[in-house]
$ cat protein.csv   # CSV, C-alpha atoms (C1' of nucleotides)
chain,number,residue,atom,x,y,z
A,6,MET,CA,-27.5,11.1,9.2
A,7,ASP,CA,-28.4,12.5,5.8
A,8,VAL,CA,-27.2,11.1,2.5
A,9,HIS,CA,-24.6,13.7,1.8
A,10,GLU,CA,-22.9,13.2,5.1
A,11,GLY,CA,-23.1,9.5,4.6
A,12,LYS,CA,-21.5,9.8,1.2
A,13,GLN,CA,-18.7,12.0,2.4
A,14,LYS,CA,-17.9,9.6,5.3
A,15,PHE,CA,-17.9,6.7,2.9
A,16,ILE,CA,-15.7,8.4,0.4
A,17,GLU,CA,-13.2,9.4,3.0
A,18,SER,CA,-13.0,6.0,4.6
A,19,TRP,CA,-12.7,4.2,1.3
A,20,GLY,CA,-9.8,6.5,0.3
A,21,LYS,CA,-8.1,5.9,3.6
A,22,MET,CA,-8.4,2.2,3.4
A,23,ALA,CA,-7.1,2.2,-0.2
A,24,SER,CA,-4.0,4.2,0.7
A,25,ASP,CA,-3.2,1.8,3.5
A,26,TRP,CA,-3.2,-0.9,0.9
A,27,GLY,CA,-0.9,0.9,-1.5
A,28,ILE,CA,-3.6,2.3,-3.8
A,29,ASN,CA,-3.7,6.0,-4.7
A,30,ARG,CA,-6.1,7.7,-2.3
A,31,THR,CA,-7.7,9.9,-4.9
A,32,MET,CA,-8.3,7.0,-7.3
A,33,ALA,CA,-10.2,5.2,-4.5
A,34,GLN,CA,-12.2,8.4,-3.7
A,35,VAL,CA,-13.2,8.7,-7.3
A,36,HIS,CA,-14.2,5.0,-7.2
A,37,ALA,CA,-16.2,5.6,-4.0
A,38,LEU,CA,-17.9,8.6,-5.4
A,39,LEU,CA,-19.0,6.7,-8.5
A,40,LEU,CA,-20.0,3.7,-6.4
A,41,VAL,CA,-22.5,5.7,-4.4
A,42,ALA,CA,-23.5,8.0,-7.2
A,43,HIS,CA,-27.2,7.8,-8.1
A,44,GLU,CA,-26.4,8.2,-11.8
A,45,PRO,CA,-23.3,8.4,-14.1
A,46,LEU,CA,-21.2,11.5,-13.6
A,47,THR,CA,-19.0,13.6,-15.9
A,48,ALA,CA,-15.4,14.4,-15.2
A,49,ASP,CA,-16.5,17.9,-14.3
A,50,GLN,CA,-18.8,16.6,-11.6
A,51,VAL,CA,-16.0,14.4,-10.2
A,52,MET,CA,-13.6,17.4,-10.1
A,53,GLU,CA,-16.3,19.5,-8.4
A,54,GLU,CA,-17.3,16.9,-5.8
A,55,LEU,CA,-13.8,16.0,-4.7
A,56,ASN,CA,-12.1,19.3,-5.3
A,57,ILE,CA,-9.4,18.0,-7.6
A,58,SER,CA,-8.0,19.2,-10.9
A,59,ARG,CA,-9.1,18.2,-14.3
A,60,GLY,CA,-5.8,16.3,-14.9
A,61,ASN,CA,-6.1,14.4,-11.7
A,62,ALA,CA,-9.7,13.5,-12.3
A,63,ASN,CA,-8.9,12.4,-15.9
A,64,MET,CA,-6.0,10.2,-14.9
A,65,ASN,CA,-7.8,8.5,-12.1
A,66,ILE,CA,-10.9,7.8,-14.0
A,67,ARG,CA,-8.7,6.2,-16.7
A,68,ALA,CA,-6.9,4.1,-14.2
A,69,LEU,CA,-10.2,2.9,-12.8
A,70,MET,CA,-11.3,1.9,-16.3
A,71,ASP,CA,-8.1,0.0,-16.8
A,72,TRP,CA,-8.8,-1.9,-13.6
A,73,GLY,CA,-12.3,-2.7,-14.9
A,74,LEU,CA,-14.0,-0.9,-12.0
A,75,VAL,CA,-15.5,2.0,-13.9
A,76,HIS,CA,-17.2,2.2,-17.3
A,77,LYS,CA,-17.9,5.0,-19.8
A,78,GLN,CA,-21.4,5.9,-20.9
A,79,LEU,CA,-21.9,7.8,-24.1
A,80,ARG,CA,-25.2,9.6,-24.7
A,81,ALA,CA,-26.7,10.3,-28.1
A,82,GLY,CA,-26.4,13.9,-29.0
A,83,GLU,CA,-24.0,14.7,-26.1
A,84,ARG,CA,-20.3,15.2,-26.4
A,85,LYS,CA,-19.6,14.8,-22.7
A,86,GLU,CA,-18.6,11.4,-21.4
A,87,TYR,CA,-20.4,10.0,-18.3
A,88,PHE,CA,-18.8,7.5,-15.9
A,89,PHE,CA,-20.3,4.9,-13.6
A,90,ALA,CA,-18.8,2.3,-11.3
A,91,GLU,CA,-19.4,-1.4,-11.4
A,92,LYS,CA,-21.6,-2.0,-8.4
A,93,ASP,CA,-21.7,-5.7,-8.1
A,94,MET,CA,-19.3,-6.4,-5.2
A,95,TRP,CA,-18.3,-9.8,-6.4
A,96,THR,CA,-17.2,-8.3,-9.7
A,97,VAL,CA,-15.4,-5.5,-8.0
A,98,VAL,CA,-13.5,-8.0,-5.8
A,99,ARG,CA,-12.8,-10.1,-8.9
A,100,GLN,CA,-11.3,-7.2,-10.8
A,101,ILE,CA,-9.1,-6.2,-7.9
A,102,ILE,CA,-7.8,-9.7,-7.4
A,103,ILE,CA,-7.1,-10.1,-11.1
A,104,ASN,CA,-5.2,-6.8,-11.2
A,105,ARG,CA,-3.2,-7.2,-8.0
A,106,LYS,CA,-2.4,-10.8,-8.7
A,107,LYS,CA,-0.9,-10.0,-12.1
A,108,ARG,CA,0.9,-6.8,-11.0
A,109,GLU,CA,2.3,-7.9,-7.6
A,110,LEU,CA,1.9,-11.5,-6.7
A,111,GLU,CA,3.1,-13.1,-10.0
A,112,PRO,CA,6.4,-11.1,-10.2
A,113,MET,CA,7.2,-12.3,-6.7
A,114,LEU,CA,6.5,-15.9,-7.6
A,115,LYS,CA,8.9,-15.5,-10.6
A,116,VAL,CA,11.7,-14.4,-8.3
A,117,LEU,CA,11.0,-17.2,-5.8
A,118,ASP,CA,11.2,-19.7,-8.7
A,119,GLU,CA,14.6,-18.2,-9.6
A,120,VAL,CA,16.2,-18.0,-6.2
A,121,VAL,CA,15.0,-21.4,-5.1
A,122,GLY,CA,17.7,-22.8,-7.5
A,123,VAL,CA,20.6,-21.4,-5.4
A,124,GLU,CA,23.2,-24.1,-5.0
A,125,GLU,CA,23.2,-25.8,-1.7
A,126,ASN,CA,26.7,-26.4,-0.5
A,127,CYS,CA,26.9,-24.9,3.0
A,128,PRO,CA,24.8,-24.5,6.1
A,129,GLU,CA,24.0,-20.9,5.1
A,130,SER,CA,22.8,-21.8,1.6
A,131,GLU,CA,20.8,-24.8,2.9
A,132,SER,CA,18.9,-22.7,5.4
A,133,PHE,CA,18.3,-20.1,2.7
A,134,CYS,CA,16.9,-22.6,0.4
A,135,ALA,CA,14.7,-24.2,3.1
A,136,VAL,CA,13.1,-20.8,3.8
A,137,VAL,CA,12.6,-20.0,0.2
A,138,ARG,CA,11.1,-23.4,-0.6
A,139,ASP,CA,8.6,-22.9,2.2
A,140,ILE,CA,7.6,-19.4,1.1
A,141,ARG,CA,7.4,-20.5,-2.5
A,142,LYS,CA,5.2,-23.4,-1.7
A,143,PHE,CA,2.9,-21.2,0.2
A,144,SER,CA,2.7,-18.5,-2.4
A,145,HIS,CA,2.0,-20.9,-5.2
A,146,LYS,CA,-0.8,-22.4,-3.3
A,147,ALA,CA,-2.2,-18.9,-2.6
A,148,ASN,CA,-2.0,-18.1,-6.2
A,149,GLN,CA,-3.8,-21.3,-7.3
A,150,THR,CA,-6.4,-20.7,-4.7
A,151,LEU,CA,-7.0,-17.2,-6.2
A,152,ASP,CA,-7.3,-18.7,-9.7
A,153,THR,CA,-9.9,-21.1,-8.5
A,154,LEU,CA,-11.7,-18.4,-6.7
A,155,LEU,CA,-11.8,-16.3,-9.9
A,156,LYS,CA,-13.3,-19.2,-11.9
A,157,ALA,CA,-15.9,-19.8,-9.3
A,158,ASP,CA,-19.5,-19.0,-9.4
A,159,PRO,CA,-20.5,-15.4,-8.5
A,160,ASN,CA,-22.3,-16.5,-5.4
A,161,TRP,CA,-19.6,-18.9,-4.4
A,162,PHE,CA,-17.4,-16.7,-2.2
A,163,THR,CA,-20.0,-15.3,0.0
A,164,GLY,CA,-21.8,-18.6,0.2
A,165,MET,CA,-19.4,-21.4,0.5
A,166,LEU,CA,-16.2,-20.1,2.0
A,167,LEU,CA,-18.0,-19.1,5.1
A,168,ASN,CA,-20.3,-22.1,5.4
A,169,THR,CA,-17.5,-24.5,5.0
A,170,MET,CA,-15.5,-22.9,7.6
A,171,VAL,CA,-17.9,-21.7,10.3
A,172,ARG,CA,-18.8,-24.4,12.6
B,29,MET,CA,23.3,-18.7,-8.6
B,30,ASP,CA,25.2,-18.3,-5.4
B,31,VAL,CA,23.5,-17.7,-2.0
B,32,HIS,CA,24.5,-14.0,-1.8
B,33,GLU,CA,23.0,-13.2,-5.1
B,34,GLY,CA,19.9,-15.2,-4.1
B,35,LYS,CA,19.5,-13.4,-0.9
B,36,GLN,CA,19.8,-10.0,-2.5
B,37,LYS,CA,17.2,-10.8,-5.1
B,38,PHE,CA,14.9,-12.1,-2.5
B,39,ILE,CA,15.3,-9.1,-0.3
B,40,GLU,CA,14.8,-6.7,-3.1
B,41,SER,CA,11.7,-8.5,-4.4
B,42,TRP,CA,10.2,-8.8,-0.9
B,43,GLY,CA,10.7,-5.1,-0.4
B,44,LYS,CA,9.1,-4.3,-3.7
B,45,MET,CA,6.1,-6.4,-3.1
B,46,ALA,CA,5.6,-4.9,0.4
B,47,SER,CA,5.6,-1.4,-0.9
B,48,ASP,CA,3.0,-2.3,-3.5
B,49,TRP,CA,0.9,-3.4,-0.6
B,50,GLY,CA,1.3,-0.2,1.5
B,51,ILE,CA,4.0,-1.5,3.8
B,52,ASN,CA,7.3,0.4,4.2
B,53,ARG,CA,9.8,-1.0,1.8
B,54,THR,CA,12.7,-1.0,4.3
B,55,MET,CA,10.7,-2.7,7.0
B,56,ALA,CA,10.0,-5.5,4.5
B,57,GLN,CA,13.7,-5.7,3.5
B,58,VAL,CA,14.7,-6.0,7.2
B,59,HIS,CA,12.2,-8.7,7.5
B,60,ALA,CA,13.5,-10.5,4.4
B,61,LEU,CA,17.0,-10.2,5.6
B,62,LEU,CA,16.2,-11.8,8.9
B,63,LEU,CA,14.0,-14.4,7.2
B,64,VAL,CA,16.9,-15.7,5.2
B,65,ALA,CA,19.6,-15.1,7.8
B,66,HIS,CA,21.4,-18.2,8.9
B,67,GLU,CA,21.5,-16.9,12.5
B,68,PRO,CA,20.2,-14.0,14.5
B,69,LEU,CA,21.7,-10.6,13.6
B,70,THR,CA,22.5,-7.4,15.5
B,71,ALA,CA,21.2,-4.0,14.6
B,72,ASP,CA,24.7,-3.2,13.3
B,73,GLN,CA,24.6,-6.1,10.9
B,74,VAL,CA,21.3,-5.1,9.6
B,75,MET,CA,22.5,-1.5,9.0
B,76,GLU,CA,25.6,-2.9,7.3
B,77,GLU,CA,23.8,-5.4,5.0
B,78,LEU,CA,21.1,-3.0,3.9
B,79,ASN,CA,23.0,0.3,4.0
B,80,ILE,CA,20.6,2.0,6.2
B,81,SER,CA,21.1,4.3,9.2
B,82,ARG,CA,21.0,3.2,12.8
B,83,GLY,CA,17.8,5.1,13.4
B,84,ASN,CA,16.1,3.5,10.5
B,85,ALA,CA,17.3,0.0,11.4
B,86,ASN,CA,16.1,0.5,15.0
B,87,MET,CA,12.7,1.8,14.0
B,88,ASN,CA,12.0,-1.0,11.6
B,89,ILE,CA,13.2,-3.8,13.8
B,90,ARG,CA,10.9,-2.4,16.5
B,91,ALA,CA,8.0,-2.3,14.1
B,92,LEU,CA,8.6,-5.8,13.1
B,93,MET,CA,8.6,-6.9,16.7
B,94,ASP,CA,5.3,-5.1,17.2
B,95,TRP,CA,3.9,-7.1,14.2
B,96,GLY,CA,5.1,-10.3,15.9
B,97,LEU,CA,7.3,-11.1,12.9
B,98,VAL,CA,10.7,-10.7,14.6
B,99,HIS,CA,11.9,-11.6,18.0
B,100,LYS,CA,14.8,-10.5,20.2
B,101,GLN,CA,17.5,-12.9,21.5
B,102,LEU,CA,19.6,-12.0,24.5
B,103,ARG,CA,22.9,-13.8,25.0
B,104,ALA,CA,24.4,-14.3,28.5
B,105,GLY,CA,27.4,-12.1,28.9
B,106,GLU,CA,26.7,-9.9,25.9
B,107,ARG,CA,25.1,-6.5,25.8
B,108,LYS,CA,24.2,-6.5,22.1
B,109,GLU,CA,20.7,-7.6,21.1
B,110,TYR,CA,20.2,-10.2,18.4
B,111,PHE,CA,17.2,-10.4,16.2
B,112,PHE,CA,15.7,-13.3,14.3
B,113,ALA,CA,12.5,-13.7,12.2
B,114,GLU,CA,9.6,-16.0,12.7
B,115,LYS,CA,10.2,-18.5,9.9
B,116,ASP,CA,7.0,-20.6,10.0
B,117,MET,CA,5.0,-19.2,7.0
B,118,TRP,CA,1.7,-20.0,8.6
B,119,THR,CA,2.6,-18.0,11.6
B,120,VAL,CA,3.9,-15.1,9.5
B,121,VAL,CA,0.7,-15.0,7.5
B,122,ARG,CA,-1.4,-15.2,10.7
B,123,GLN,CA,0.4,-12.2,12.2
B,124,ILE,CA,0.0,-10.2,9.1
B,125,ILE,CA,-3.7,-10.9,8.9
B,126,ILE,CA,-4.2,-10.1,12.6
B,127,ASN,CA,-2.4,-6.7,12.2
B,128,ARG,CA,-3.9,-5.6,9.0
B,129,LYS,CA,-7.4,-6.7,10.0
B,130,LYS,CA,-7.2,-4.6,13.1
B,131,ARG,CA,-5.6,-1.6,11.6
B,132,GLU,CA,-7.4,-1.4,8.3
B,133,LEU,CA,-10.4,-3.6,7.8
B,134,GLU,CA,-12.1,-3.0,11.1
B,135,PRO,CA,-12.1,0.8,11.0
B,136,MET,CA,-13.7,0.5,7.5
B,137,LEU,CA,-16.4,-1.9,8.9
B,138,LYS,CA,-17.1,0.6,11.7
B,139,VAL,CA,-17.8,3.4,9.1
B,140,LEU,CA,-20.0,1.1,7.0
B,141,ASP,CA,-22.0,0.3,10.1
B,142,GLU,CA,-22.5,4.0,10.7
B,143,VAL,CA,-23.4,5.1,7.2
B,144,VAL,CA,-25.7,2.2,6.5
B,145,GLY,CA,-28.1,4.0,8.8
B,146,VAL,CA,-28.6,7.0,6.5
B,147,GLU,CA,-32.3,7.8,6.3
B,148,GLU,CA,-33.9,6.5,3.1
B,149,ASN,CA,-36.3,9.1,1.8
B,150,CYS,CA,-35.5,9.7,-1.9
B,151,PRO,CA,-34.1,7.7,-4.8
B,152,GLU,CA,-30.6,9.0,-4.2
B,153,SER,CA,-30.5,7.9,-0.5
B,154,GLU,CA,-32.1,4.6,-1.4
B,155,SER,CA,-29.5,3.7,-4.0
B,156,PHE,CA,-26.8,4.9,-1.6
B,157,CYS,CA,-28.0,2.6,1.1
B,158,ALA,CA,-28.4,-0.3,-1.3
B,159,VAL,CA,-24.7,-0.1,-2.3
B,160,VAL,CA,-23.5,0.4,1.3
B,161,ARG,CA,-25.6,-2.6,2.5
B,162,ASP,CA,-24.0,-4.8,-0.2
B,163,ILE,CA,-20.4,-3.7,0.6
B,164,ARG,CA,-21.1,-4.0,4.3
B,165,LYS,CA,-22.4,-7.5,3.9
B,166,PHE,CA,-19.5,-8.6,1.9
B,167,SER,CA,-16.9,-7.0,4.2
B,168,HIS,CA,-18.4,-8.5,7.3
B,169,LYS,CA,-18.3,-11.9,5.7
B,170,ALA,CA,-14.7,-11.4,4.8
B,171,ASN,CA,-13.9,-10.4,8.3
B,172,GLN,CA,-15.6,-13.4,9.8
B,173,THR,CA,-13.9,-15.7,7.3
B,174,LEU,CA,-10.5,-14.3,8.5
B,175,ASP,CA,-11.5,-14.8,12.1
B,176,THR,CA,-12.2,-18.4,11.4
B,177,LEU,CA,-9.0,-18.8,9.4
B,178,LEU,CA,-7.0,-17.4,12.4
B,179,LYS,CA,-8.6,-19.9,14.7
B,180,ALA,CA,-7.9,-22.8,12.4
B,181,ASP,CA,-5.3,-25.4,12.6
B,182,PRO,CA,-1.8,-24.5,11.4
B,183,ASN,CA,-2.0,-26.9,8.5
B,184,TRP,CA,-5.5,-26.0,7.6
B,185,PHE,CA,-4.9,-23.3,5.1
B,186,THR,CA,-2.4,-25.0,2.9
B,187,GLY,CA,-4.3,-28.2,3.2
B,188,MET,CA,-8.0,-27.7,3.0
B,189,LEU,CA,-8.6,-24.5,1.1
B,190,LEU,CA,-6.9,-25.9,-2.0
B,191,ASN,CA,-8.2,-29.4,-1.7
B,192,THR,CA,-11.8,-28.3,-1.3
B,193,MET,CA,-11.6,-26.0,-4.2
B,194,VAL,CA,-9.5,-27.6,-6.9
B,195,ARG,CA,-11.4,-30.0,-9.0
C,21,DA,C1',29.5,8.0,40.1
C,22,DA,C1',32.3,7.9,36.1
C,23,DT,C1',33.1,5.1,31.9
C,24,DT,C1',31.8,2.6,28.1
C,25,DG,C1',28.8,0.2,25.0
C,26,DT,C1',24.3,0.1,23.3
C,27,DT,C1',19.6,1.5,22.1
C,28,DT,C1',16.1,5.1,21.4
C,29,DT,C1',14.4,9.4,19.9
C,30,DC,C1',13.2,13.0,16.8
C,31,DA,C1',14.0,17.5,14.2
C,32,DG,C1',15.4,18.5,9.8
C,33,DG,C1',16.6,17.0,5.2
C,34,DA,C1',16.1,14.1,1.0
C,35,DG,C1',13.5,11.6,-2.0
C,36,DA,C1',9.2,9.8,-3.9
C,37,DA,C1',4.6,10.3,-5.2
C,38,DA,C1',0.6,12.9,-6.3
C,39,DT,C1',-1.4,17.1,-8.1
C,40,DT,C1',-2.0,21.1,-10.8
C,41,DG,C1',-2.9,23.8,-14.7
C,42,DA,C1',-2.1,25.2,-19.1
C,43,DA,C1',-1.2,23.8,-23.7
C,44,DA,C1',-1.9,20.4,-27.1
C,45,DA,C1',-4.7,17.0,-29.2
C,46,DC,C1',-9.0,15.5,-30.5
C,47,DA,C1',-13.8,15.3,-32.3
C,48,DG,C1',-17.9,17.0,-33.7
C,49,DT,C1',-20.6,21.0,-36.3
C,50,DG,C1',-21.8,24.7,-39.3
D,16,DC,C1',-11.7,24.0,-42.7
D,17,DA,C1',-12.4,27.1,-38.9
D,18,DC,C1',-14.8,27.1,-34.5
D,19,DT,C1',-16.1,25.2,-30.1
D,20,DG,C1',-16.5,22.0,-26.5
D,21,DT,C1',-14.1,18.3,-24.5
D,22,DT,C1',-10.4,15.1,-23.2
D,23,DT,C1',-5.5,14.1,-22.7
D,24,DT,C1',-0.8,15.0,-21.6
D,25,DC,C1',3.1,16.4,-18.9
D,26,DA,C1',6.6,19.7,-16.9
D,27,DA,C1',6.7,22.2,-12.8
D,28,DT,C1',5.2,22.3,-8.2
D,29,DT,C1',3.4,20.8,-4.0
D,30,DT,C1',2.7,17.4,-0.6
D,31,DC,C1',3.8,13.5,1.9
D,32,DT,C1',6.6,9.8,3.6
D,33,DC,C1',10.8,8.1,4.9
D,34,DC,C1',15.5,8.4,6.4
D,35,DT,C1',19.5,10.3,8.6
D,36,DG,C1',22.6,11.4,12.2
D,37,DA,C1',23.6,13.4,16.3
D,38,DA,C1',22.1,13.8,21.0
D,39,DA,C1',19.8,11.8,24.8
D,40,DA,C1',18.6,8.0,27.4
D,41,DC,C1',19.8,3.7,29.2
D,42,DA,C1',22.3,-0.1,31.4
D,43,DA,C1',26.1,-2.7,32.7
D,44,DT,C1',30.9,-2.5,34.7
D,45,DT,C1',34.7,-0.7,37.4
$ encode --input "protein.csv" --output "structure tokens"
Amino acid sequence: MDVHEGKQKFIESWGKMASDWGINRTMAQVHALLLVAHEPLTADQVMEELNISRGNANMNIRALMDWGLVHKQLRAGERKEYFFAEKDMWTVVRQIIINRKKRELEPMLKVLDEVVGVEENCPESESFCAVVRDIRKFSHKANQTLDTLLKADPNWFTGMLLNTMVR
Amino acid sequence: MDVHEGKQKFIESWGKMASDWGINRTMAQVHALLLVAHEPLTADQVMEELNISRGNANMNIRALMDWGLVHKQLRAGERKEYFFAEKDMWTVVRQIIINRKKRELEPMLKVLDEVVGVEENCPESESFCAVVRDIRKFSHKANQTLDTLLKADPNWFTGMLLNTMVR
DNA sequence: AATTGTTTTCAGGAGAAATTGAAAACAGTG
DNA sequence: CACTGTTTTCAATTTCTCCTGAAAACAATT
């Protein structure tokens, strides 16, 4: 397999996976393209490679910068902007966790904290509260675990999690 | 807050979170409804509570059964089918991991295994392979970790992960 | 085998999300 | 400050996913 075919397969697959996980497919494809790019690319190159419009390229590059997954490079004497992806996988995963935790997990936790306070005065409300308490406990633990993970050493995840668990 | 308001908030929030994660919102709302239901419900009750059509209710209940998150209850002398959700959080999380791993993580791993074999004969192909190797290593470890997690004791996750990590 | 109650299917429609492309805004340069 | 190359914005359009509702299939009962 040659490198172009490999890149294409990778980009397509990365995009597919992302859309399964509720992330815009094109955004993930731009990310994939920059991940495997040999050098920083301009918006025009991204448009060209992925056959997307200027507006689309611009929006998704911006979104990726907001996520902390892509950075801008300015070159002296050039007006064009170049973009490159963060390539360290641990950092990539960190950024994704940070973003999704904030956007999606924490709002859910807030609601759980609210509804766990429902008055318990009948079998129905009691079983409701029991279920919510359980989900809430679980979610808070997951959230704390993620916080710990984020504070951890860069090599920690790949190293320890596995070693501790595999027997 | 009364139990009805609590249930509604919970159902709405669960649905929102699911759609952020690429899961059909209505499917998650049906799941949430059954999770907090005091007793098993019929398809008609689900339709009624969530204001959805018969077809929609049926399809999503089926999908939830495929995921192993909802079960059918048959009652002697009744032709209607009753549905109830698996309420143990550890089992719920297990089922979700099993399903998403199979549907989304593993196909990606397969592609990574393929493209890592790209011939390395120029700077471009070398940097491509280096990135792919890194992602591949990371993903395989994550996959193995999930396998171990799935084999683990029901109380393992909530217990150990946190205790080991929090200092 | 006809009747009734229930579940399943799926073509077409509705709504949501992503994309385009052209105009506006911006930023250097002579 | 006018000109040029570049990025940003956003209304209109396209694309995709999801939902509906009615018909078909199914299954228990008489």
$ residues_around --input "protein.csv" --residues "Lys142 in chain A" --least-positions-apart "5" --cutoff "12 Å" --atoms "only C-alpha atoms (C1' of nucleotides)" --output "list in words"
Leu114, Leu117, Asp118, Val121, Cys134, Ala135, Val136, Val137, Ala147, Asn148 and Gln149 of chain A; Met117, Trp118, Thr186 and Gly187 of chain B
$ residues_near_point --input "protein.csv" --point "(3.4, 17.4, -2.3)" --cutoff "10 Å" --atoms "only C-alpha atoms (C1' of nucleotides)" --output "VMD selection string"
(chain C and resid 36 to 39) or (chain D and resid 28 to 31)
$ residues_around --input "protein.csv" --residues "DA47 in chain C" --least-positions-apart "2" --cutoff "12 Å" --atoms "all atoms listed in the file" --output "PyMOL selection string"
(chain A and resi 83-85) or (chain C and resi 45+49) or (chain D and resi 19-22)
$ closest_residue --input "protein.csv" --among "B:Arg90, B:Lys179, B:Arg122, B:Arg131" --to "chain C" --atoms "only C-alpha atoms (C1' of nucleotides)"
B:Arg90
$ atom_distance --input "protein.csv" --atom1 "CA of Leu69 in chain A" --atom2 "CA of Thr150 in chain A"
25.2 Å
$ atom_distance --input "protein.csv" --atom1 "CA of Lys146 in chain A" --atom2 "CA of Asp93 in chain A"
27.2 Å
$ interface_residues --input "protein.csv" --of "chain A" --to "chain D" --cutoff "10 Å" --atoms "only C-alpha atoms (C1' of nucleotides)" --output "ChimeraX atom specification"
/A:48,59-60,63-64,84-86
$ residues_around --input "protein.csv" --residues "Arg128 in chain B" --least-positions-apart "5" --cutoff "12 Å" --atoms "all atoms listed in the file" --output "NGL selection string"
(:A and (22 or 25-26)) or (:B and (49-51 or 95 or 121-123 or 133-136 or 171 or 174))
$ write_last_selection --input "protein.csv" --atoms "C-alpha atoms" --output "short mmCIF file (atom, residue, chain, number, x, y, z; two decimals), in the frame of the given file"
data_model
loop_
_atom_site.label_atom_id
_atom_site.label_comp_id
_atom_site.auth_asym_id
_atom_site.auth_seq_id
_atom_site.Cartn_x
_atom_site.Cartn_y
_atom_site.Cartn_z
CA MET A 22 -8.40 2.20 3.40
CA ASP A 25 -3.20 1.80 3.50
CA TRP A 26 -3.20 -0.90 0.90
CA TRP B 49 0.90 -3.40 -0.60
CA GLY B 50 1.30 -0.20 1.50
CA ILE B 51 4.00 -1.50 3.80
CA TRP B 95 3.90 -7.10 14.20
CA VAL B 121 0.70 -15.00 7.50
CA ARG B 122 -1.40 -15.20 10.70
CA GLN B 123 0.40 -12.20 12.20
CA LEU B 133 -10.40 -3.60 7.80
CA GLU B 134 -12.10 -3.00 11.10
CA PRO B 135 -12.10 0.80 11.00
CA MET B 136 -13.70 0.50 7.50
CA ASN B 171 -13.90 -10.40 8.30
CA LEU B 174 -10.50 -14.30 8.50
#
$ atom_distance --input "protein.csv" --atom1 "CA of Glu17 in chain A" --atom2 "CA of Asp175 in chain B"
25.9 Å
$ closest_residue --input "protein.csv" --among "C:DT26, C:DT40, C:DA21, C:DG48" --to "chain B" --atoms "only C-alpha atoms (C1' of nucleotides)"
C:DT26
$ interface_residues --input "protein.csv" --of "chain B" --to "chain A" --cutoff "6 Å" --atoms "all atoms listed in the file" --output "list in words"
Met29, Asp30, Val31, Gly34, Asp48, Trp49, Gly50, Val64, His66, Val143, Val146, Glu152, Ser153, Phe156, Thr173 and Leu190 of chain B
$ closest_residue --input "protein.csv" --among "B:Ala113, B:Leu61, B:Ile39, B:Ile89" --to "chain C" --atoms "all atoms listed in the file"
B:Ile89
$ interface_residues --input "protein.csv" --of "chain C" --to "chain B" --cutoff "9 Å" --atoms "all atoms listed in the file" --output "PDB file with C-alpha atoms (C1' of nucleotides), in the frame of the given file"
ATOM      1  C1'  DG C  25      28.800   0.200  25.000  1.00  0.00           C
ATOM      2  C1'  DT C  26      24.300   0.100  23.300  1.00  0.00           C
ATOM      3  C1'  DT C  27      19.600   1.500  22.100  1.00  0.00           C
ATOM      4  C1'  DT C  28      16.100   5.100  21.400  1.00  0.00           C
ATOM      5  C1'  DT C  29      14.400   9.400  19.900  1.00  0.00           C
TER       6       DT C  29
END
$ residues_around --input "protein.csv" --residues "Pro45 in chain A" --least-positions-apart "3" --cutoff "9 Å" --atoms "all atoms listed in the file" --output "number ranges by chain"
A: 39, 42, 77-78, 87-90
